[in-house]
Every structure is written in structure tokens, then in C-alpha cells.
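Student: Take a look at the following structure, please.
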Amino acid sequence: MVNIYEIAKKAGVSHMTVSRAFNNPELVSEKTRNKIMKIANESGYRPSQVARSMRTKKTNYIGLILPDIINPFFPEIVRGVDDYARKDKYNVILANTDNDYEVQASLVEMFLSRGIDGIILSGIAGGKKDTELLNNIIKKGIPTVLIDRYIPDVNSSYVITDNFRAAYDATNYLVGLGHERIGVISSPQKIKIFQDRLRGYKAALNDNDIVFRDEYIFEGDESISSGYKTAKNLFTKYDDFTAIFAMCDFMAFGIYKYCRENNIIIPDDLSVISIDNIYTSAFLTPPLTTMSQKKYEMGYSAAKILIESIKKNKIPDTQLVLKAKLIERQSCKKVK
């Protein structure tokens, strides 16, 4: 392989000048730099990433850990992370945990052992183990940004949606259509963002002088099958509600499936609203009304915060909260 000494000889400069042309181009005149780059390109020379990493103590790799890469909520986040990272000449290593804490912890250790420059982490539930894991990463001085999740008791950087407001606006929208008996298909309440969504639902009812009914809350996980099961439980026990607020689109899909199999017509018999706006929600019959999260912006902003912190050799401390937007389609109907 061609090395910098051969490039230097052909260019008539020192090997240190060649090194500067690649690593500190501002220290080399434009004429000399262009000459070196032309010779390097013609020779097929590529700088050694390993050597550069040893010198700068940076690998230009960041890790992106997600809880479920099959969930269509995440591709736009990945695209946002990758677009910013690529623009700044960083590489992204994507890993999936399947919502398994042990897998998540082992992935973090693997990234740390390989000298990753920083981590973007989703899937944090907020329990004792997650808190210990995040605190451990921060103590080791590894720049980390949480995405779509946060832990109130840990002073970490994060990019999330205003989940309280998203749920408040979704519930308020249903109330504005005349709905007062609104069931909830809830995502796991052990996770802080879903606690925030339930608080938003309750606040909207309270502000509209509607009595909160705890028996209308049915909890499951973020899956179509769980949405189906919890919808079945809700319909089995109660038949007086006119609308359902689902805490994520995937669970709403399960509601659609249950309604289709049981001749419940959306929105004539039941109005449905959710949060996410994954791309397939527009192709349901009828198209799903949902609170749209800024998923691409979430990923792009997280990568920007992380990489800027890496460059400054500091732990990121930015906490960014994005506003969700109501996407009104045909799954909700006025009842009064």
C-alpha cells in the first residue's frame, strides 16, 4: 500500500506536511494541499483510520441503541441520526435490544470497550437498573444522549416529544367532538413518557369538567397484538364509551383489527386517536387521526447534540422537548 512517505516524496514535501494536509488542512497552503490530494487520489492512498484514532483518541463512530428496529416509529429517527452524522463525517453503528435490559447493558459495554465516541440511547424505561446504567455511562465520561425517553432523576441530555401536551391535545380534540366517555389503551406506565401521556389525558378531562374513570384505562405494551388484546378487554367490560385514545399507533392498529373482526365501524361506532404518525397510519381504513411526533428532527437533533459535545470534549447537557402536531384524518367523528 502507498504510504505518506511515498506521497511526500512525489509531492516534494515532508511526510509531516502530508499528514497535516489530511488532518489539519488549514495549516497547509491551498496549492500544496491540492497537489498532495491529487497525488494521493491518483495513487489510491487512504489515510489510516486506526492511526488517526490513536493520535486523536477519537474513532468517529457513535452507537445508536434502539429497543425495537421492527417498529416503524424508528426508521425516521435512524435517518435523522445518520444524516447529521454523515454530514459531520461520523459513522453510526445501529444495535437492537428487543426491549431486553440485559441486551441493552451488554451493548453499552461492547460499545465502550471498542472506544465508541458517544452513544444515542432509546428504550430506557426509567427503573432502578436503567438509572444505574445511565449513571455508570455518565461517570465514565462517555457523551450520551437519550432519545424519545428520559429519566427525571438523572441529569442527562435528551431529545423527546412533549408527551403531556400531545396526550392533552389528543384528548381535548375528542372532547371537542363531543366525546366524554373516552377509553385509554395505555403503553407501559413504568415508562416515564407514558406516565406523562396519562397525565395529559387526565388534565384534559379535568379542564373540561369530565370525571376521570380509572376503569377506562387498560395497559399493554407497544405492539399490535397488545392493542388488540387490551381493546378486547375494554369492550368486554364496558360498552358505554364512544372513543379510544391509544398511546401509540401500533396499539391503535390492534384496535382497528379488533373492531374489524367484531363489526365495530370506525368512526361511526367508535372514534380512535393515537400518538406517533408512523407512515402506515395514513393507509389504514379509515386513515388514523394521530399526534405526529417529529421523528426525523428527533434523530437529527440528538446526533447534533452528541457530536458537538464530542468535539468539545464535554458531556452533553441539552434537554430538547419537541411539540407534537395533530394530523386530522377520518378515524374520529363528532357525536353531538
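Each chain of the C-alpha cells is named A, B, ... in the order shown, its residues numbered from 1; ligands are numbered from 1 in display order.
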So that I can check the surroundings of A:Thr230, please list as a PyMOL selection string every protein, DNA and RNA residue that reaches within 7 Å of it, counting only C-alpha atoms and ignoring chain neighbours fewer than 6 positions away.
Tutor: chain A and resi 185+218-220
Student: Which residues are near A:Pro267? Cut-off 8 Å, only C-alpha atoms, ignore same chain within fewer than 4 positions. Put them as a list in words.
Tutor: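 My reading of the contact set: Ser271, Val272, Pro286, Gln330, Ser331, Cys332 and Lys333 of chain A.
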Student: Let me make sure I understand: among A:His179, A:Lys314, A:Arg199, A:Lys295, which one has the smallest atom-to-atom distance to A:Ile273 if we use only C-alpha atoms?
Tutor: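 Closest to A:Ile273 of all the choices is A:His179.
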Student: Could you work out how far atom CA of A:Asp169 lies from atom CA of A:Glu328, giving the answer in Å with one decimal?
Tutor: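 A separation of 11.9 Å between them.
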Student: Excluding stretch 34-47 of chain A and its own-chain neighbours fewer than 4 positions away, which residues fall within 10 Å of it when counting only C-alpha atoms? Please give them as number ranges by chain.
Tutor: A: 1-4, 6-8, 10-13, 17-19, 21-23, 28-30, 51-52
Student: If we count only C-alpha atoms, what is near A:Gln189 at a cut-off of 10 Å, once residues fewer than 5 positions away on the same chain are taken out, given as a ChimeraX atom specification?
Tutor: /A:125,194-198,219-221
Student: Where does DSSP see helix (DSSP H, G or I) in stretch 56-169 of chain A, if you list the residues as number ranges by chain?
Tutor: A: 56, 75-87, 101-113, 128-139, 163-169
Student: Restrict the selected residues to C-alpha atoms and save them as a PDB file, in the first residue's frame.
Tutor:
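File written: again24.pdb
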```pdb
ATOM      1  CA  THR A  56      -6.750  11.936  18.278  1.00  0.00           C
ATOM      2  CA  PRO A  75     -36.637   4.468  10.790  1.00  0.00           C
ATOM      3  CA  GLU A  76     -37.113   8.239  10.584  1.00  0.00           C
ATOM      4  CA  ILE A  77     -35.112   8.627  13.793  1.00  0.00           C
ATOM      5  CA  VAL A  78     -32.324   6.478  12.343  1.00  0.00           C
ATOM      6  CA  ARG A  79     -32.361   8.544   9.143  1.00  0.00           C
ATOM      7  CA  GLY A  80     -32.092  11.771  11.119  1.00  0.00           C
ATOM      8  CA  VAL A  81     -29.167  10.457  13.175  1.00  0.00           C
ATOM      9  CA  ASP A  82     -27.384   9.122  10.097  1.00  0.00           C
ATOM     10  CA  ASP A  83     -27.898  12.280   8.030  1.00  0.00           C
ATOM     11  CA  TYR A  84     -26.322  14.527  10.639  1.00  0.00           C
ATOM     12  CA  ALA A  85     -23.538  12.055  11.450  1.00  0.00           C
ATOM     13  CA  ARG A  86     -22.624  11.617   7.792  1.00  0.00           C
ATOM     14  CA  LYS A  87     -22.556  15.384   7.291  1.00  0.00           C
ATOM     15  CA  TYR A 101     -32.321  -4.746  29.656  1.00  0.00           C
ATOM     16  CA  GLU A 102     -29.515  -7.337  29.729  1.00  0.00           C
ATOM     17  CA  VAL A 103     -29.015  -6.986  25.978  1.00  0.00           C
ATOM     18  CA  GLN A 104     -29.005  -3.211  26.335  1.00  0.00           C
ATOM     19  CA  ALA A 105     -26.379  -3.317  29.100  1.00  0.00           C
ATOM     20  CA  SER A 106     -24.151  -5.684  27.124  1.00  0.00           C
ATOM     21  CA  LEU A 107     -24.387  -3.476  24.030  1.00  0.00           C
ATOM     22  CA  VAL A 108     -23.330  -0.447  26.050  1.00  0.00           C
ATOM     23  CA  GLU A 109     -20.322  -2.367  27.401  1.00  0.00           C
ATOM     24  CA  MET A 110     -19.434  -3.559  23.910  1.00  0.00           C
ATOM     25  CA  PHE A 111     -19.512  -0.004  22.560  1.00  0.00           C
ATOM     26  CA  LEU A 112     -17.406   1.278  25.449  1.00  0.00           C
ATOM     27  CA  SER A 113     -14.821  -1.486  25.016  1.00  0.00           C
ATOM     28  CA  LYS A 128     -33.523   1.285  39.034  1.00  0.00           C
ATOM     29  CA  LYS A 129     -31.433  -0.744  36.566  1.00  0.00           C
ATOM     30  CA  ASP A 130     -31.774   1.836  33.792  1.00  0.00           C
ATOM     31  CA  THR A 131     -30.876   4.645  36.191  1.00  0.00           C
ATOM     32  CA  GLU A 132     -27.753   2.779  37.322  1.00  0.00           C
ATOM     33  CA  LEU A 133     -26.779   2.027  33.715  1.00  0.00           C
ATOM     34  CA  LEU A 134     -27.122   5.649  32.618  1.00  0.00           C
ATOM     35  CA  ASN A 135     -25.290   6.978  35.663  1.00  0.00           C
ATOM     36  CA  ASN A 136     -22.485   4.500  35.001  1.00  0.00           C
ATOM     37  CA  ILE A 137     -22.104   5.716  31.403  1.00  0.00           C
ATOM     38  CA  ILE A 138     -22.049   9.339  32.544  1.00  0.00           C
ATOM     39  CA  LYS A 139     -19.462   8.590  35.286  1.00  0.00           C
ATOM     40  CA  ASN A 163     -45.799  13.846  25.721  1.00  0.00           C
ATOM     41  CA  PHE A 164     -48.030  15.548  28.281  1.00  0.00           C
ATOM     42  CA  ARG A 165     -49.143  18.120  25.718  1.00  0.00           C
ATOM     43  CA  ALA A 166     -49.536  15.549  22.945  1.00  0.00           C
ATOM     44  CA  ALA A 167     -51.932  13.478  25.066  1.00  0.00           C
ATOM     45  CA  TYR A 168     -53.695  16.591  26.336  1.00  0.00           C
ATOM     46  CA  ASP A 169     -54.295  17.814  22.777  1.00  0.00           C
TER      47      ASP A 169
END
```
Student: I'd like to know which residues of stretch 106-333 of chain A are strand (DSSP E) (by DSSP, run on the backbone); could you write them as a CSV table (one decimal) with C-alpha atoms, in the first residue's frame?
Tutor:
```csv
chain,number,residue,atom,x,y,z
A,118,GLY,CA,-20.6,8.6,22.1
A,119,ILE,CA,-24.0,6.9,22.4
A,120,ILE,CA,-27.6,7.7,21.5
A,121,LEU,CA,-29.8,5.6,23.6
A,144,THR,CA,-24.7,10.2,25.8
A,145,VAL,CA,-28.0,11.5,24.5
A,146,LEU,CA,-31.3,9.8,25.3
A,147,ILE,CA,-33.9,9.8,22.6
A,157,SER,CA,-29.1,15.1,27.8
A,158,TYR,CA,-32.2,14.0,25.9
A,159,VAL,CA,-34.5,14.8,22.9
A,160,ILE,CA,-38.1,13.9,23.5
A,161,THR,CA,-41.7,14.9,22.5
A,182,ILE,CA,-63.0,8.0,26.4
A,183,GLY,CA,-61.2,4.7,26.9
A,184,VAL,CA,-57.4,4.6,27.0
A,185,ILE,CA,-55.2,1.9,25.6
A,186,SER,CA,-52.0,2.7,27.6
A,217,ILE,CA,-57.5,2.6,31.5
A,218,PHE,CA,-56.2,-0.6,30.1
A,219,GLU,CA,-52.4,-1.1,29.9
A,243,ALA,CA,-63.8,6.9,21.7
A,244,ILE,CA,-60.4,5.4,22.5
A,245,PHE,CA,-57.2,7.2,22.9
A,246,ALA,CA,-54.3,4.9,22.1
A,271,SER,CA,-63.6,7.2,17.3
A,272,VAL,CA,-59.9,6.4,17.6
A,273,ILE,CA,-56.9,8.7,18.1
A,274,SER,CA,-53.3,8.0,18.9
A,275,ILE,CA,-49.8,9.4,19.1
A,276,ASP,CA,-46.8,8.8,16.6
A,289,THR,CA,-56.1,10.6,13.3
A,290,THR,CA,-52.9,10.9,15.3
A,291,MET,CA,-50.5,13.3,17.0
A,292,SER,CA,-47.4,13.4,14.9
A,319,GLN,CA,-32.6,18.8,27.0
A,320,LEU,CA,-34.8,19.4,23.9
A,321,VAL,CA,-38.6,19.0,24.0
A,322,LEU,CA,-40.4,18.9,20.7
A,325,LYS,CA,-48.8,18.2,15.8
A,326,LEU,CA,-52.4,16.9,15.3
A,327,ILE,CA,-52.8,15.1,12.0
```
Student: Could you jot down the atom CA of A:Asp98 to atom CA of A:Leu66 separation for me, Å, one decimal place?
Tutor: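 So the answer is 8.1 Å.
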Student: Go ahead and compute the interatomic distance for atom CA of A:Asn208 and atom CA of A:Val335, in Å to one decimal.
Tutor: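 The value is 16.1 Å.
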Student: So, with only C-alpha atoms as the atoms that count, which of A:Leu270, A:Ala324, A:Ile255, A:Val211 lies closest to A:Met298?
Tutor: A:Ala324
Student: I need the residue nearest A:Ala204 from this list: A:Val175, A:Pro25, A:Ala231, A:Ile307. Use only C-alpha atoms for the distance.
Tutor: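 Of all the options, A:Val175 lies closest to A:Ala204.
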